[in-house]
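The structure appears right after this line, and notes come after that.
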Amino acid sequence: QVQLAEFGGGSVQAGGSLKLSCAASGYTNKIFVMGWFRQAPGKEREAVAAIYYDNGREFYSDYVLGRFAISLNDAKNTLSLQMNSLKPEDTAMYYCAADFGPPYRDSWRVVNEYTAWGQGAQVTVSS
């Protein structure tokens, strides 16, 4: 099993920056992909960014491309999301997640591919 715990987040004005981190513990060597998702009230959970555990390949959804950056530390036990130029529409609960299966095309976007989830961290962006 893998346990995930997010920290960071908070409130910021539009145009500001925040950083989220996610500490992973347990059988992290079984992970293929780690991702960040978000869910705003009344909306479905959506993919934000992901990174392959073996080669560090990064993926971003169009709405955060160029503003957010995902990273994994050398020990591969801390996932981060640097969020710049934040917009009010970025307001949501953000979750880190781990996928234990070999990835396929666009699988990083699929919520059901991830079977380990953190508890979430709130990000609020005011205009």
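Quick note on naming: the chains in the structure tokens go A, B, ... in the order shown, residues restart at 1 in each chain, and ligands are numbered from 1 in order of appearance.
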Interface rows for segment 30-123 of chain A against segment 16-25 of chain A: nearest pair, Å to one decimal, 6 Å, only C-alpha atoms, as a tab-separated table:
residue	atom	partner	partner_atom	distance
A:Asn77	CA	A:Ala24	CA	4.9
A:Thr78	CA	A:Ala23	CA	4.6
A:Leu79	CA	A:Cys22	CA	5.0
A:Ser80	CA	A:Ser21	CA	4.2
A:Leu81	CA	A:Leu20	CA	5.0
A:Gln82	CA	A:Lys19	CA	4.5
A:Met83	CA	A:Leu18	CA	5.2
A:Asn84	CA	A:Ser17	CA	4.4
A:Ser85	CA	A:Gly16	CA	5.5
A:Leu86	CA	A:Gly16	CA	5.5
Which residues are close to Trp108 of chain A, i.e. within 12 Å by only C-alpha atoms, leaving aside same-chain residues fewer than 4 positions away? Reply as number ranges by chain.
A: 32-37, 46-53, 57-61, 97-104, 112-114
Counting only C-alpha atoms, the option among A:Asn73, A:Val64, A:Val12, A:Ala92 closest to Gly120 of chain A
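Selected residue with least distance to Gly120 of chain A: A:Ala92.
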Need the shell around Gln13 of chain A: protein/DNA/RNA residues with any atom at most 9 Å away, counting only C-alpha atoms. Skip same-chain ones fewer than 4 positions apart. Format as a ChimeraX atom specification?
/A:17,86-88,124-127
Grab the residues selected above and save them as a JSON list (two decimals), in the first residue's frame with N, CA and C atoms.
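After the write, again.json holds the following:
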[["chain", "number", "residue", "atom", "x", "y", "z"],
["A", 17, "SER", "N", 1.03, 32.97, -6.59],
["A", 17, "SER", "CA", 1.58, 31.62, -6.70],
["A", 17, "SER", "C", 1.37, 30.85, -5.42],
["A", 86, "LEU", "N", -2.01, 32.25, -10.89],
["A", 86, "LEU", "CA", -3.27, 31.61, -10.52],
["A", 86, "LEU", "C", -4.47, 32.48, -10.89],
["A", 87, "LYS", "N", -5.55, 31.79, -11.24],
["A", 87, "LYS", "CA", -6.79, 32.43, -11.65],
["A", 87, "LYS", "C", -7.90, 32.00, -10.70],
["A", 88, "PRO", "N", -8.95, 32.78, -10.58],
["A", 88, "PRO", "CA", -10.06, 32.36, -9.72],
["A", 88, "PRO", "C", -10.63, 31.00, -10.11],
["A", 124, "THR", "N", -7.61, 28.38, -2.92],
["A", 124, "THR", "CA", -8.61, 29.40, -3.17],
["A", 124, "THR", "C", -7.94, 30.62, -3.78],
["A", 125, "VAL", "N", -8.43, 31.04, -4.93],
["A", 125, "VAL", "CA", -7.87, 32.19, -5.62],
["A", 125, "VAL", "C", -8.96, 33.26, -5.73],
["A", 126, "SER", "N", -8.68, 34.41, -5.18],
["A", 126, "SER", "CA", -9.67, 35.50, -5.19],
["A", 126, "SER", "C", -9.32, 36.52, -6.28],
["A", 127, "SER", "N", -10.35, 37.12, -6.82],
["A", 127, "SER", "CA", -10.14, 38.08, -7.91],
["A", 127, "SER", "C", -9.88, 39.48, -7.37]]
Residues within 6 Å of segment 117-119 of chain A, please, as a PyMOL selection string. Count only C-alpha atoms; anything in the same chain fewer than 4 positions from it doesn't count.
chain A and resi 4-5+95-97
Among the residues of chain A, find those DSSP assigns to strand (DSSP E) from the backbone and print them as a VMD selection string.
chain A and resid 2 to 8 10 to 13 18 to 26 33 to 39 46 to 52 58 to 60 68 to 72 78 to 83 92 to 99 116 to 117 121 to 126
With C-alpha atoms retained, write the just-selected residues as a PDB file, in the first residue's frame.
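File produced: out.pdb:
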ATOM      1  CA  VAL A   2       0.961   3.597  -0.536  1.00  0.00           C
ATOM      2  CA  GLN A   3      -0.102   6.480   1.667  1.00  0.00           C
ATOM      3  CA  LEU A   4      -0.297   9.987   0.263  1.00  0.00           C
ATOM      4  CA  ALA A   5      -0.550  13.213   2.206  1.00  0.00           C
ATOM      5  CA  GLU A   6      -0.808  16.663   0.649  1.00  0.00           C
ATOM      6  CA  PHE A   7       0.393  19.841   2.264  1.00  0.00           C
ATOM      7  CA  GLY A   8       0.581  23.427   1.156  1.00  0.00           C
ATOM      8  CA  GLY A  10      -4.130  28.095   0.913  1.00  0.00           C
ATOM      9  CA  SER A  11      -5.549  31.379  -0.319  1.00  0.00           C
ATOM     10  CA  VAL A  12      -4.025  33.843  -2.757  1.00  0.00           C
ATOM     11  CA  GLN A  13      -5.078  36.685  -5.008  1.00  0.00           C
ATOM     12  CA  LEU A  18       1.203  28.615  -4.447  1.00  0.00           C
ATOM     13  CA  LYS A  19       2.975  25.315  -4.088  1.00  0.00           C
ATOM     14  CA  LEU A  20       1.460  21.985  -3.223  1.00  0.00           C
ATOM     15  CA  SER A  21       3.445  19.002  -2.060  1.00  0.00           C
ATOM     16  CA  CYS A  22       2.502  15.387  -1.550  1.00  0.00           C
ATOM     17  CA  ALA A  23       4.453  12.996   0.654  1.00  0.00           C
ATOM     18  CA  ALA A  24       4.328   9.370  -0.455  1.00  0.00           C
ATOM     19  CA  SER A  25       5.130   6.461   1.856  1.00  0.00           C
ATOM     20  CA  GLY A  26       4.863   2.697   1.666  1.00  0.00           C
ATOM     21  CA  VAL A  33       2.432   7.484 -12.515  1.00  0.00           C
ATOM     22  CA  MET A  34       1.708  10.188  -9.987  1.00  0.00           C
ATOM     23  CA  GLY A  35      -0.775  12.909 -10.715  1.00  0.00           C
ATOM     24  CA  TRP A  36      -2.541  15.981  -9.422  1.00  0.00           C
ATOM     25  CA  PHE A  37      -6.279  16.310  -9.776  1.00  0.00           C
ATOM     26  CA  ARG A  38      -8.699  18.982  -8.644  1.00  0.00           C
ATOM     27  CA  GLN A  39     -12.360  19.188  -7.895  1.00  0.00           C
ATOM     28  CA  GLU A  46     -10.334  16.643 -13.343  1.00  0.00           C
ATOM     29  CA  ALA A  47      -6.710  15.959 -14.137  1.00  0.00           C
ATOM     30  CA  VAL A  48      -4.250  18.796 -13.711  1.00  0.00           C
ATOM     31  CA  ALA A  49      -0.818  17.273 -14.285  1.00  0.00           C
ATOM     32  CA  ALA A  50       1.023  13.978 -14.014  1.00  0.00           C
ATOM     33  CA  ILE A  51       4.526  12.584 -14.107  1.00  0.00           C
ATOM     34  CA  TYR A  52       5.894   9.156 -14.984  1.00  0.00           C
ATOM     35  CA  GLU A  58       5.422  15.318 -17.559  1.00  0.00           C
ATOM     36  CA  PHE A  59       1.854  15.893 -18.693  1.00  0.00           C
ATOM     37  CA  TYR A  60      -0.361  18.945 -18.277  1.00  0.00           C
ATOM     38  CA  PHE A  68       1.843  24.989 -13.371  1.00  0.00           C
ATOM     39  CA  ALA A  69       4.876  22.724 -13.010  1.00  0.00           C
ATOM     40  CA  ILE A  70       4.883  19.201 -11.605  1.00  0.00           C
ATOM     41  CA  SER A  71       8.017  17.669 -10.129  1.00  0.00           C
ATOM     42  CA  LEU A  72       9.206  14.616  -8.235  1.00  0.00           C
ATOM     43  CA  THR A  78       7.625  13.853  -2.633  1.00  0.00           C
ATOM     44  CA  LEU A  79       5.494  15.109  -5.502  1.00  0.00           C
ATOM     45  CA  SER A  80       5.121  18.854  -5.954  1.00  0.00           C
ATOM     46  CA  LEU A  81       2.969  21.215  -7.969  1.00  0.00           C
ATOM     47  CA  GLN A  82       4.169  24.771  -8.410  1.00  0.00           C
ATOM     48  CA  MET A  83       1.216  26.935  -9.395  1.00  0.00           C
ATOM     49  CA  ALA A  92     -10.657  23.785  -6.003  1.00  0.00           C
ATOM     50  CA  MET A  93      -9.649  20.969  -3.711  1.00  0.00           C
ATOM     51  CA  TYR A  94      -6.433  19.519  -5.087  1.00  0.00           C
ATOM     52  CA  TYR A  95      -5.569  15.837  -4.714  1.00  0.00           C
ATOM     53  CA  CYS A  96      -2.421  13.871  -5.408  1.00  0.00           C
ATOM     54  CA  ALA A  97      -2.836  10.325  -6.617  1.00  0.00           C
ATOM     55  CA  ALA A  98      -0.814   7.270  -7.600  1.00  0.00           C
ATOM     56  CA  ASP A  99      -1.353   4.863 -10.477  1.00  0.00           C
ATOM     57  CA  ALA A 116      -4.245   5.738  -4.045  1.00  0.00           C
ATOM     58  CA  TRP A 117      -5.370   9.260  -3.135  1.00  0.00           C
ATOM     59  CA  ALA A 121      -5.621  20.443  -0.058  1.00  0.00           C
ATOM     60  CA  GLN A 122      -7.745  23.506  -0.644  1.00  0.00           C
ATOM     61  CA  VAL A 123      -6.602  26.189  -3.050  1.00  0.00           C
ATOM     62  CA  THR A 124      -8.613  29.401  -3.171  1.00  0.00           C
ATOM     63  CA  VAL A 125      -7.874  32.192  -5.624  1.00  0.00           C
ATOM     64  CA  SER A 126      -9.666  35.501  -5.194  1.00  0.00           C
TER      65      SER A 126
END
Find the spatial neighbours of Tyr27 of chain A, counting only C-alpha atoms, within a cut-off of 8 Å - ignore same-chain residues fewer than 3 positions away - and output them as a list in words.
Gln1, Val2, Lys30 and Ile31 of chain A
